Amino acid sequence: MAMICFATARETVKYKRALPPAHFSLNIESFEALSTLDKYDSGVFKAAGHDWRLSLYPKGNKDDNSSGYISLYLSIKDIPLNKTVDVTYKLFVHDKSRNNYLTIQDADEAISSFHGAKTQHGFPRFLSLKEFEKRSNGYLDEKSSCTFGAEVFVIQPAEMEESLTLIRHPTPNQFSLEIENWSKVGTDPRSYNFDCEDRKWKLTVYPKVDGKSLSVYLKVEDPTEKQIYADFKLRVLDGLKKNLKEKRFKCWLSASHPEEGDADFMLLKDLEKLAKGFIENDTLVVQVQICVVSSKQCVVPSPAKQPVVPPRQPSQQPVVPPRQPV
């Protein structure tokens, strides 16, 4: 038989809310008649894959030092000794006058652990009988009916864990595309494929699409992740090493948005000025420098081991020696 232990009082939070309990409501037609009982256990209800019941002490649980109060507990049904169920829960009483619910829960959403040796948690001083029976508070109507309730949320192990790392200055992180015979280049795009941090990338240059501008883009090929963060610089190098056309981009790339860049990266009239030195020996050099790139791993965590609860030891009866004959 499972052992019921009563916890020491923990700090609680009380507040009113409009929404009714999500998992269970206990409607009592006559609290006055119920008060002739020391304890009432509700029927079983299901929540979060387990069977539960409410345990109500109309005059307070004397074993939990709660005379003069209503004691209300949440109990789990049929749990093995070696299994633990961690939950947060809320208990309720309906304010019928205002049609809202007094909600009571542990402060800071403290976790309560249910197991074979501890099948019950709750609030021994849920509400004082004086406050509960005061008609203006709305908990009891003229027929002495009332409603209690419960919500139970089981803390389950995470089904998936994600690890995000931002890699700064990966090695190597600069990649260049040389376009030779620039004077004869038409509108066809030129590209350079490279690998960086276990991903495939493509640097693409559209030389003279509209006859006015040079367009430059960086694209991640076949992204396996939903989002990839990239902080990178696109630049046009000059042979004189005096001029440098550079733009920086910080963005999230994905299958629906795999590339980033600028259609008007540089005007052709500026690019082709001899004094600027961008075109040297009829060759243009476009470079990308990756400053930061994200790396993400998703793993299924190993199931947590359930703590082993030692079985309850049977009580030892004192051994009385037989009487010696006189």
# chains A, B, ... in the order shown; residues from 1 in each chain; ligands from 1

call {"tool": "residues_around", "arguments": {"residues": "Gly68 (chain A)", "least_positions_apart": "4", "cutoff": "10 Å", "atoms": "only C-alpha atoms", "output": "PDB file with all heavy atoms, in the first residue's frame"}}
result
ATOM      1  N   PRO A  58     -12.823  18.785   4.472  1.00  0.00           N
ATOM      2  CA  PRO A  58     -13.716  19.946   4.658  1.00  0.00           C
ATOM      3  C   PRO A  58     -13.435  20.729   5.931  1.00  0.00           C
ATOM      4  O   PRO A  58     -13.661  21.949   5.977  1.00  0.00           O
ATOM      5  CB  PRO A  58     -15.112  19.315   4.691  1.00  0.00           C
ATOM      6  CG  PRO A  58     -14.961  17.972   4.065  1.00  0.00           C
ATOM      7  CD  PRO A  58     -13.580  17.526   4.376  1.00  0.00           C
ATOM      8  N   LYS A  59     -12.978  20.068   6.977  1.00  0.00           N
ATOM      9  CA  LYS A  59     -12.710  20.746   8.257  1.00  0.00           C
ATOM     10  C   LYS A  59     -11.214  20.866   8.536  1.00  0.00           C
ATOM     11  O   LYS A  59     -10.809  21.185   9.665  1.00  0.00           O
ATOM     12  CB  LYS A  59     -13.395  19.974   9.389  1.00  0.00           C
ATOM     13  CG  LYS A  59     -14.914  19.963   9.285  1.00  0.00           C
ATOM     14  CD  LYS A  59     -15.552  19.085  10.328  1.00  0.00           C
ATOM     15  CE  LYS A  59     -15.259  17.604  10.087  1.00  0.00           C
ATOM     16  NZ  LYS A  59     -15.994  16.724  11.036  1.00  0.00           N
ATOM     17  N   GLY A  60     -10.406  20.596   7.507  1.00  0.00           N
ATOM     18  CA  GLY A  60      -8.964  20.686   7.685  1.00  0.00           C
ATOM     19  C   GLY A  60      -8.351  19.348   8.048  1.00  0.00           C
ATOM     20  O   GLY A  60      -8.983  18.503   8.693  1.00  0.00           O
ATOM     21  N   ASN A  61      -7.140  19.149   7.623  1.00  0.00           N
ATOM     22  CA  ASN A  61      -6.411  17.916   7.914  1.00  0.00           C
ATOM     23  C   ASN A  61      -5.700  18.091   9.253  1.00  0.00           C
ATOM     24  O   ASN A  61      -4.675  18.778   9.358  1.00  0.00           O
ATOM     25  CB  ASN A  61      -5.414  17.635   6.793  1.00  0.00           C
ATOM     26  CG  ASN A  61      -4.629  16.371   7.015  1.00  0.00           C
ATOM     27  OD1 ASN A  61      -4.901  15.610   7.947  1.00  0.00           O
ATOM     28  ND2 ASN A  61      -3.640  16.147   6.172  1.00  0.00           N
ATOM     29  N   LYS A  62      -6.249  17.468  10.278  1.00  0.00           N
ATOM     30  CA  LYS A  62      -5.689  17.633  11.619  1.00  0.00           C
ATOM     31  C   LYS A  62      -4.263  17.102  11.702  1.00  0.00           C
ATOM     32  O   LYS A  62      -3.449  17.610  12.486  1.00  0.00           O
ATOM     33  CB  LYS A  62      -6.588  16.928  12.630  1.00  0.00           C
ATOM     34  CG  LYS A  62      -7.980  17.545  12.728  1.00  0.00           C
ATOM     35  CD  LYS A  62      -8.855  16.795  13.713  1.00  0.00           C
ATOM     36  CE  LYS A  62     -10.266  17.400  13.770  1.00  0.00           C
ATOM     37  NZ  LYS A  62     -11.140  16.644  14.703  1.00  0.00           N
ATOM     38  N   ARG A 125      -3.533  24.331   4.270  1.00  0.00           N
ATOM     39  CA  ARG A 125      -4.310  25.528   4.603  1.00  0.00           C
ATOM     40  C   ARG A 125      -4.717  26.223   3.308  1.00  0.00           C
ATOM     41  O   ARG A 125      -4.370  27.383   3.062  1.00  0.00           O
ATOM     42  CB  ARG A 125      -3.500  26.442   5.514  1.00  0.00           C
ATOM     43  CG  ARG A 125      -3.171  25.795   6.860  1.00  0.00           C
ATOM     44  CD  ARG A 125      -2.566  26.758   7.841  1.00  0.00           C
ATOM     45  NE  ARG A 125      -2.359  26.114   9.139  1.00  0.00           N
ATOM     46  CZ  ARG A 125      -2.024  26.759  10.249  1.00  0.00           C
ATOM     47  NH1 ARG A 125      -1.833  28.081  10.218  1.00  0.00           N
ATOM     48  NH2 ARG A 125      -1.875  26.105  11.382  1.00  0.00           N
ATOM     49  N   LEU A 127      -7.651  27.283   2.296  1.00  0.00           N
ATOM     50  CA  LEU A 127      -8.493  28.461   2.510  1.00  0.00           C
ATOM     51  C   LEU A 127      -9.122  28.326   3.896  1.00  0.00           C
ATOM     52  O   LEU A 127      -9.584  27.241   4.280  1.00  0.00           O
ATOM     53  CB  LEU A 127      -9.582  28.536   1.436  1.00  0.00           C
ATOM     54  CG  LEU A 127     -10.359  29.831   1.289  1.00  0.00           C
ATOM     55  CD1 LEU A 127      -9.426  30.974   0.873  1.00  0.00           C
ATOM     56  CD2 LEU A 127     -11.466  29.673   0.240  1.00  0.00           C
ATOM     57  N   SER A 128      -9.140  29.410   4.638  1.00  0.00           N
ATOM     58  CA  SER A 128      -9.743  29.340   5.968  1.00  0.00           C
ATOM     59  C   SER A 128     -11.245  29.138   5.836  1.00  0.00           C
ATOM     60  O   SER A 128     -11.889  29.653   4.914  1.00  0.00           O
ATOM     61  CB  SER A 128      -9.434  30.610   6.763  1.00  0.00           C
ATOM     62  OG  SER A 128     -10.175  31.708   6.269  1.00  0.00           O
ATOM     63  N   LEU A 129     -11.815  28.363   6.769  1.00  0.00           N
ATOM     64  CA  LEU A 129     -13.261  28.128   6.741  1.00  0.00           C
ATOM     65  C   LEU A 129     -14.035  29.434   6.902  1.00  0.00           C
ATOM     66  O   LEU A 129     -15.088  29.623   6.282  1.00  0.00           O
ATOM     67  CB  LEU A 129     -13.640  27.140   7.845  1.00  0.00           C
ATOM     68  CG  LEU A 129     -13.329  25.671   7.545  1.00  0.00           C
ATOM     69  CD1 LEU A 129     -13.486  24.835   8.810  1.00  0.00           C
ATOM     70  CD2 LEU A 129     -14.226  25.144   6.436  1.00  0.00           C
ATOM     71  N   LYS A 130     -13.502  30.344   7.682  1.00  0.00           N
ATOM     72  CA  LYS A 130     -14.171  31.629   7.871  1.00  0.00           C
ATOM     73  C   LYS A 130     -14.264  32.390   6.556  1.00  0.00           C
ATOM     74  O   LYS A 130     -15.320  32.941   6.204  1.00  0.00           O
ATOM     75  CB  LYS A 130     -13.408  32.451   8.916  1.00  0.00           C
ATOM     76  CG  LYS A 130     -14.041  33.792   9.239  1.00  0.00           C
ATOM     77  CD  LYS A 130     -13.232  34.522  10.312  1.00  0.00           C
ATOM     78  CE  LYS A 130     -13.864  35.875  10.622  1.00  0.00           C
ATOM     79  NZ  LYS A 130     -13.098  36.619  11.671  1.00  0.00           N
TER      80      LYS A 130
END

call {"tool": "residues_around", "arguments": {"residues": "Lys39 (chain A)", "least_positions_apart": "2", "cutoff": "10 Å", "atoms": "only C-alpha atoms", "output": "PyMOL selection string"}}
result
chain A and resi 34-37+41-42+55-61+71-72

call {"tool": "write_last_selection", "arguments": {"atoms": "C-alpha atoms", "output": "CSV table (one decimal), in the first residue's frame"}}
result
chain,number,residue,atom,x,y,z
A,34,LEU,CA,-19.9,17.0,3.1
A,35,SER,CA,-18.6,18.6,6.3
A,36,THR,CA,-19.8,15.6,8.3
A,37,LEU,CA,-16.9,13.7,6.7
A,41,ASP,CA,-11.5,11.6,-2.3
A,42,SER,CA,-12.8,12.6,-5.8
A,55,SER,CA,-8.5,14.8,-1.7
A,56,LEU,CA,-10.6,17.3,0.2
A,57,TYR,CA,-10.6,17.7,4.0
A,58,PRO,CA,-13.7,19.9,4.7
A,59,LYS,CA,-12.7,20.7,8.3
A,60,GLY,CA,-9.0,20.7,7.7
A,61,ASN,CA,-6.4,17.9,7.9
A,71,SER,CA,-7.2,21.2,3.1
A,72,LEU,CA,-7.0,20.3,-0.5

call {"tool": "closest_atom_pairs", "arguments": {"of": "region 92-201 of chain A", "to": "region 280-300 of chain A", "cutoff": "10 Å", "atoms": "only C-alpha atoms", "output": "JSON lines"}}
result
{"residue": "A:Ala158", "atom": "CA", "partner": "A:Val300", "partner_atom": "CA", "distance": 8.1}
{"residue": "A:Glu159", "atom": "CA", "partner": "A:Val300", "partner_atom": "CA", "distance": 6.1}
{"residue": "A:Met160", "atom": "CA", "partner": "A:Val300", "partner_atom": "CA", "distance": 4.8}
{"residue": "A:Glu161", "atom": "CA", "partner": "A:Val299", "partner_atom": "CA", "distance": 5.3}
{"residue": "A:Glu162", "atom": "CA", "partner": "A:Cys298", "partner_atom": "CA", "distance": 4.4}
{"residue": "A:Ser163", "atom": "CA", "partner": "A:Gln297", "partner_atom": "CA", "distance": 5.2}
{"residue": "A:Leu164", "atom": "CA", "partner": "A:Lys296", "partner_atom": "CA", "distance": 4.5}
{"residue": "A:Thr165", "atom": "CA", "partner": "A:Ser295", "partner_atom": "CA", "distance": 5.1}
{"residue": "A:Leu166", "atom": "CA", "partner": "A:Ser294", "partner_atom": "CA", "distance": 4.4}
{"residue": "A:Ile167", "atom": "CA", "partner": "A:Val293", "partner_atom": "CA", "distance": 5.3}
{"residue": "A:Arg168", "atom": "CA", "partner": "A:Val292", "partner_atom": "CA", "distance": 4.5}
{"residue": "A:His169", "atom": "CA", "partner": "A:Cys291", "partner_atom": "CA", "distance": 4.9}
{"residue": "A:Pro170", "atom": "CA", "partner": "A:Cys291", "partner_atom": "CA", "distance": 7.2}
{"residue": "A:Thr171", "atom": "CA", "partner": "A:Ile290", "partner_atom": "CA", "distance": 9.3}
{"residue": "A:Pro172", "atom": "CA", "partner": "A:Ile290", "partner_atom": "CA", "distance": 8.8}
{"residue": "A:Asn173", "atom": "CA", "partner": "A:Ile290", "partner_atom": "CA", "distance": 5.1}
{"residue": "A:Gln174", "atom": "CA", "partner": "A:Gln289", "partner_atom": "CA", "distance": 4.4}
{"residue": "A:Phe175", "atom": "CA", "partner": "A:Val288", "partner_atom": "CA", "distance": 5.5}
{"residue": "A:Ser176", "atom": "CA", "partner": "A:Gln287", "partner_atom": "CA", "distance": 4.2}
{"residue": "A:Leu177", "atom": "CA", "partner": "A:Val286", "partner_atom": "CA", "distance": 5.2}
{"residue": "A:Glu178", "atom": "CA", "partner": "A:Val285", "partner_atom": "CA", "distance": 4.5}
{"residue": "A:Ile179", "atom": "CA", "partner": "A:Leu284", "partner_atom": "CA", "distance": 5.1}
{"residue": "A:Glu180", "atom": "CA", "partner": "A:Thr283", "partner_atom": "CA", "distance": 4.4}
{"residue": "A:Asn181", "atom": "CA", "partner": "A:Asp282", "partner_atom": "CA", "distance": 5.2}
{"residue": "A:Trp182", "atom": "CA", "partner": "A:Asp282", "partner_atom": "CA", "distance": 5.2}
{"residue": "A:Ser183", "atom": "CA", "partner": "A:Asp282", "partner_atom": "CA", "distance": 6.5}
{"residue": "A:Lys184", "atom": "CA", "partner": "A:Asp282", "partner_atom": "CA", "distance": 9.1}
{"residue": "A:Tyr192", "atom": "CA", "partner": "A:Gln287", "partner_atom": "CA", "distance": 9.9}
{"residue": "A:Cys196", "atom": "CA", "partner": "A:Ile290", "partner_atom": "CA", "distance": 8.7}
{"residue": "A:Glu197", "atom": "CA", "partner": "A:Ser295", "partner_atom": "CA", "distance": 8.0}
{"residue": "A:Asp198", "atom": "CA", "partner": "A:Ser295", "partner_atom": "CA", "distance": 9.2}
{"residue": "A:Arg199", "atom": "CA", "partner": "A:Ser295", "partner_atom": "CA", "distance": 9.8}

call {"tool": "closest_residue", "arguments": {"among": "A:Gln105, A:Ser97, A:Thr119, A:Ser145", "to": "Leu74 (chain A)", "atoms": "only C-alpha atoms"}}
result
A:Thr119

call {"tool": "closest_residue", "arguments": {"among": "A:Phe153, A:Phe92, A:Phe265, A:Trp52", "to": "Arg17 (chain A)", "atoms": "only C-alpha atoms"}}
result
A:Phe92

call {"tool": "select_by_dssp", "arguments": {"residues": "region 99-260 of chain A", "states": "helix (DSSP H, G or I)", "output": "ChimeraX atom specification"}}
result
/A:107-109,129-133,135-137,182-184

call {"tool": "write_last_selection", "arguments": {"atoms": "N, CA, C and O atoms", "output": "CSV table (one decimal), in the first residue's frame"}}
result
chain,number,residue,atom,x,y,z
A,107,ALA,N,4.8,28.9,-4.8
A,107,ALA,CA,5.5,30.1,-5.3
A,107,ALA,C,6.7,29.7,-6.2
A,107,ALA,O,7.3,28.6,-6.1
A,108,ASP,N,7.0,30.5,-7.2
A,108,ASP,CA,8.0,30.3,-8.2
A,108,ASP,C,7.8,29.0,-8.9
A,108,ASP,O,8.8,28.4,-9.4
A,109,GLU,N,6.6,28.5,-9.0
A,109,GLU,CA,6.3,27.3,-9.7
A,109,GLU,C,7.2,26.1,-9.3
A,109,GLU,O,7.8,25.4,-10.1
A,129,LEU,N,-11.8,28.4,6.8
A,129,LEU,CA,-13.3,28.1,6.7
A,129,LEU,C,-14.0,29.4,6.9
A,129,LEU,O,-15.1,29.6,6.3
A,130,LYS,N,-13.5,30.3,7.7
A,130,LYS,CA,-14.2,31.6,7.9
A,130,LYS,C,-14.3,32.4,6.6
A,130,LYS,O,-15.3,32.9,6.2
A,131,GLU,N,-13.2,32.4,5.8
A,131,GLU,CA,-13.2,33.1,4.5
A,131,GLU,C,-14.0,32.4,3.5
A,131,GLU,O,-14.7,33.0,2.7
A,132,PHE,N,-14.0,31.0,3.5
A,132,PHE,CA,-14.7,30.2,2.6
A,132,PHE,C,-16.2,30.4,2.8
A,132,PHE,O,-17.0,30.4,1.8
A,133,GLU,N,-16.7,30.4,4.0
A,133,GLU,CA,-18.1,30.4,4.3
A,133,GLU,C,-18.7,31.8,4.3
A,133,GLU,O,-19.9,31.9,4.3
A,135,ARG,N,-20.4,34.6,2.8
A,135,ARG,CA,-21.2,34.6,1.6
A,135,ARG,C,-20.8,35.6,0.6
A,135,ARG,O,-20.8,35.4,-0.7
A,136,SER,N,-20.3,36.8,1.0
A,136,SER,CA,-19.9,37.8,0.1
A,136,SER,C,-18.7,37.4,-0.8
A,136,SER,O,-18.4,38.0,-1.8
A,137,ASN,N,-17.9,36.4,-0.3
A,137,ASN,CA,-16.7,36.0,-1.1
A,137,ASN,C,-17.1,35.1,-2.3
A,137,ASN,O,-16.3,34.9,-3.2
A,182,TRP,N,38.3,40.7,-68.6
A,182,TRP,CA,37.2,41.5,-68.2
A,182,TRP,C,36.6,42.3,-69.3
A,182,TRP,O,35.4,42.4,-69.4
A,183,SER,N,37.4,42.8,-70.2
A,183,SER,CA,37.0,43.6,-71.3
A,183,SER,C,36.1,42.8,-72.2
A,183,SER,O,35.3,43.4,-73.0
A,184,LYS,N,36.2,41.5,-72.2
A,184,LYS,CA,35.3,40.7,-73.1
A,184,LYS,C,34.2,40.0,-72.4
A,184,LYS,O,33.4,39.2,-73.0

call {"tool": "atom_distance", "arguments": {"atom1": "CA of Ser67 (chain A)", "atom2": "CA of Lys14 (chain A)"}}
result
20.1 Å

call {"tool": "select_by_dssp", "arguments": {"residues": "region 35-249 of chain A", "states": "strand (DSSP E or B)", "output": "VMD selection string"}}
result
chain A and resid 40 to 41 45 to 47 50 to 57 69 to 76 84 to 95 100 to 106 112 to 115 118 120 to 128 146 to 154 161 to 168 174 to 179 190 to 196 199 to 206 213 to 220 228 to 236 245 to 249

call {"tool": "residues_around", "arguments": {"residues": "Pro189 (chain A)", "least_positions_apart": "2", "cutoff": "7 Å", "atoms": "only C-alpha atoms", "output": "MDAnalysis selection string"}}
result
chainID A and resid 187 191 204:207

call {"tool": "closest_residue", "arguments": {"among": "A:Ile28, A:Leu19, A:Val152, A:Val93", "to": "Gly49 (chain A)", "atoms": "only C-alpha atoms"}}
result
A:Val152

call {"tool": "atom_distance", "arguments": {"atom1": "CA of Ser254 (chain A)", "atom2": "CA of Leu203 (chain A)"}}
result
16.1 Å

call {"tool": "decode", "arguments": {"residues": "region 97-191 of chain A", "atoms": "C-alpha atoms", "output": "PDB file, in the first residue's frame"}}
result
ATOM      1  CA  SER A  97     -20.472  35.823  -7.469  1.00  0.00           C
ATOM      2  CA  ARG A  98     -17.756  37.178  -9.760  1.00  0.00           C
ATOM      3  CA  ASN A  99     -17.460  34.119 -11.999  1.00  0.00           C
ATOM      4  CA  ASN A 100     -13.724  33.780 -11.541  1.00  0.00           C
ATOM      5  CA  TYR A 101     -11.429  31.310  -9.820  1.00  0.00           C
ATOM      6  CA  LEU A 102      -9.234  31.701  -6.795  1.00  0.00           C
ATOM      7  CA  THR A 103      -6.030  29.989  -7.930  1.00  0.00           C
ATOM      8  CA  ILE A 104      -3.441  28.646  -5.510  1.00  0.00           C
ATOM      9  CA  GLN A 105      -0.039  27.294  -6.478  1.00  0.00           C
ATOM     10  CA  ASP A 106       3.453  26.936  -5.078  1.00  0.00           C
ATOM     11  CA  ALA A 107       5.539  30.098  -5.294  1.00  0.00           C
ATOM     12  CA  ASP A 108       8.040  30.286  -8.167  1.00  0.00           C
ATOM     13  CA  GLU A 109       6.275  27.277  -9.734  1.00  0.00           C
ATOM     14  CA  ALA A 110       8.171  24.945  -7.451  1.00  0.00           C
ATOM     15  CA  ILE A 111       8.272  21.372  -8.698  1.00  0.00           C
ATOM     16  CA  SER A 112       6.573  18.625  -6.680  1.00  0.00           C
ATOM     17  CA  SER A 113       7.809  15.053  -7.041  1.00  0.00           C
ATOM     18  CA  PHE A 114       5.312  12.198  -6.801  1.00  0.00           C
ATOM     19  CA  HIS A 115       6.554   8.645  -6.250  1.00  0.00           C
ATOM     20  CA  GLY A 116       5.540   5.464  -4.514  1.00  0.00           C
ATOM     21  CA  ALA A 117       6.483   6.772  -1.077  1.00  0.00           C
ATOM     22  CA  LYS A 118       5.022  10.258  -1.684  1.00  0.00           C
ATOM     23  CA  THR A 119       1.733  10.126  -3.581  1.00  0.00           C
ATOM     24  CA  GLN A 120       0.174  13.361  -2.362  1.00  0.00           C
ATOM     25  CA  HIS A 121       0.998  17.063  -2.489  1.00  0.00           C
ATOM     26  CA  GLY A 122      -1.187  20.038  -1.782  1.00  0.00           C
ATOM     27  CA  PHE A 123      -2.174  22.844   0.510  1.00  0.00           C
ATOM     28  CA  PRO A 124      -3.162  21.936   4.063  1.00  0.00           C
ATOM     29  CA  ARG A 125      -4.310  25.528   4.603  1.00  0.00           C
ATOM     30  CA  PHE A 126      -5.903  25.993   1.213  1.00  0.00           C
ATOM     31  CA  LEU A 127      -8.493  28.461   2.510  1.00  0.00           C
ATOM     32  CA  SER A 128      -9.743  29.340   5.968  1.00  0.00           C
ATOM     33  CA  LEU A 129     -13.261  28.128   6.741  1.00  0.00           C
ATOM     34  CA  LYS A 130     -14.171  31.629   7.871  1.00  0.00           C
ATOM     35  CA  GLU A 131     -13.161  33.108   4.514  1.00  0.00           C
ATOM     36  CA  PHE A 132     -14.693  30.221   2.573  1.00  0.00           C
ATOM     37  CA  GLU A 133     -18.087  30.395   4.318  1.00  0.00           C
ATOM     38  CA  LYS A 134     -18.416  34.194   4.089  1.00  0.00           C
ATOM     39  CA  ARG A 135     -21.233  34.590   1.576  1.00  0.00           C
ATOM     40  CA  SER A 136     -19.877  37.822   0.065  1.00  0.00           C
ATOM     41  CA  ASN A 137     -16.736  35.981  -1.105  1.00  0.00           C
ATOM     42  CA  GLY A 138     -18.854  33.913  -3.469  1.00  0.00           C
ATOM     43  CA  TYR A 139     -17.405  30.459  -2.801  1.00  0.00           C
ATOM     44  CA  LEU A 140     -20.634  29.083  -1.281  1.00  0.00           C
ATOM     45  CA  ASP A 141     -24.044  29.888  -2.748  1.00  0.00           C
ATOM     46  CA  GLU A 142     -27.392  29.868  -0.972  1.00  0.00           C
ATOM     47  CA  LYS A 143     -27.657  26.087  -1.452  1.00  0.00           C
ATOM     48  CA  SER A 144     -24.202  25.514   0.077  1.00  0.00           C
ATOM     49  CA  SER A 145     -22.836  24.282  -3.263  1.00  0.00           C
ATOM     50  CA  CYS A 146     -19.258  24.937  -4.351  1.00  0.00           C
ATOM     51  CA  THR A 147     -16.715  23.939  -6.992  1.00  0.00           C
ATOM     52  CA  PHE A 148     -13.046  23.030  -6.678  1.00  0.00           C
ATOM     53  CA  GLY A 149     -10.630  22.234  -9.506  1.00  0.00           C
ATOM     54  CA  ALA A 150      -7.146  21.210 -10.563  1.00  0.00           C
ATOM     55  CA  GLU A 151      -4.575  21.640 -13.307  1.00  0.00           C
ATOM     56  CA  VAL A 152      -1.575  19.334 -13.540  1.00  0.00           C
ATOM     57  CA  PHE A 153       1.499  19.849 -15.720  1.00  0.00           C
ATOM     58  CA  VAL A 154       4.042  17.048 -15.841  1.00  0.00           C
ATOM     59  CA  ILE A 155       7.663  18.062 -16.396  1.00  0.00           C
ATOM     60  CA  GLN A 156       8.780  15.843 -19.264  1.00  0.00           C
ATOM     61  CA  PRO A 157      12.385  15.456 -20.463  1.00  0.00           C
ATOM     62  CA  ALA A 158      13.127  17.536 -23.537  1.00  0.00           C
ATOM     63  CA  GLU A 159      12.457  15.655 -26.773  1.00  0.00           C
ATOM     64  CA  MET A 160      15.147  17.604 -28.587  1.00  0.00           C
ATOM     65  CA  GLU A 161      18.156  19.670 -27.593  1.00  0.00           C
ATOM     66  CA  GLU A 162      19.717  22.336 -29.790  1.00  0.00           C
ATOM     67  CA  SER A 163      23.263  23.604 -29.445  1.00  0.00           C
ATOM     68  CA  LEU A 164      24.085  26.862 -31.240  1.00  0.00           C
ATOM     69  CA  THR A 165      27.672  28.062 -31.658  1.00  0.00           C
ATOM     70  CA  LEU A 166      28.808  31.268 -33.348  1.00  0.00           C
ATOM     71  CA  ILE A 167      32.202  30.620 -34.921  1.00  0.00           C
ATOM     72  CA  ARG A 168      34.277  33.764 -35.236  1.00  0.00           C
ATOM     73  CA  HIS A 169      36.952  34.024 -37.927  1.00  0.00           C
ATOM     74  CA  PRO A 170      36.782  30.443 -39.202  1.00  0.00           C
ATOM     75  CA  THR A 171      39.904  29.093 -40.877  1.00  0.00           C
ATOM     76  CA  PRO A 172      40.164  29.635 -43.788  1.00  0.00           C
ATOM     77  CA  ASN A 173      37.711  32.494 -44.104  1.00  0.00           C
ATOM     78  CA  GLN A 174      38.759  34.411 -47.262  1.00  0.00           C
ATOM     79  CA  PHE A 175      37.876  33.168 -50.726  1.00  0.00           C
ATOM     80  CA  SER A 176      38.493  34.933 -54.039  1.00  0.00           C
ATOM     81  CA  LEU A 177      37.028  34.791 -57.536  1.00  0.00           C
ATOM     82  CA  GLU A 178      39.235  36.039 -60.393  1.00  0.00           C
ATOM     83  CA  ILE A 179      37.482  37.104 -63.575  1.00  0.00           C
ATOM     84  CA  GLU A 180      39.976  37.250 -66.439  1.00  0.00           C
ATOM     85  CA  ASN A 181      39.503  39.001 -69.791  1.00  0.00           C
ATOM     86  CA  TRP A 182      37.185  41.491 -68.159  1.00  0.00           C
ATOM     87  CA  SER A 183      36.973  43.603 -71.297  1.00  0.00           C
ATOM     88  CA  LYS A 184      35.344  40.674 -73.115  1.00  0.00           C
ATOM     89  CA  VAL A 185      33.011  39.607 -70.325  1.00  0.00           C
ATOM     90  CA  GLY A 186      29.319  39.672 -71.104  1.00  0.00           C
ATOM     91  CA  THR A 187      26.292  39.343 -68.793  1.00  0.00           C
ATOM     92  CA  ASP A 188      26.703  35.686 -67.805  1.00  0.00           C
ATOM     93  CA  PRO A 189      27.298  35.202 -64.064  1.00  0.00           C
ATOM     94  CA  ARG A 190      30.622  33.922 -62.762  1.00  0.00           C
ATOM     95  CA  SER A 191      30.869  31.889 -59.580  1.00  0.00           C
TER      96      SER A 191
END
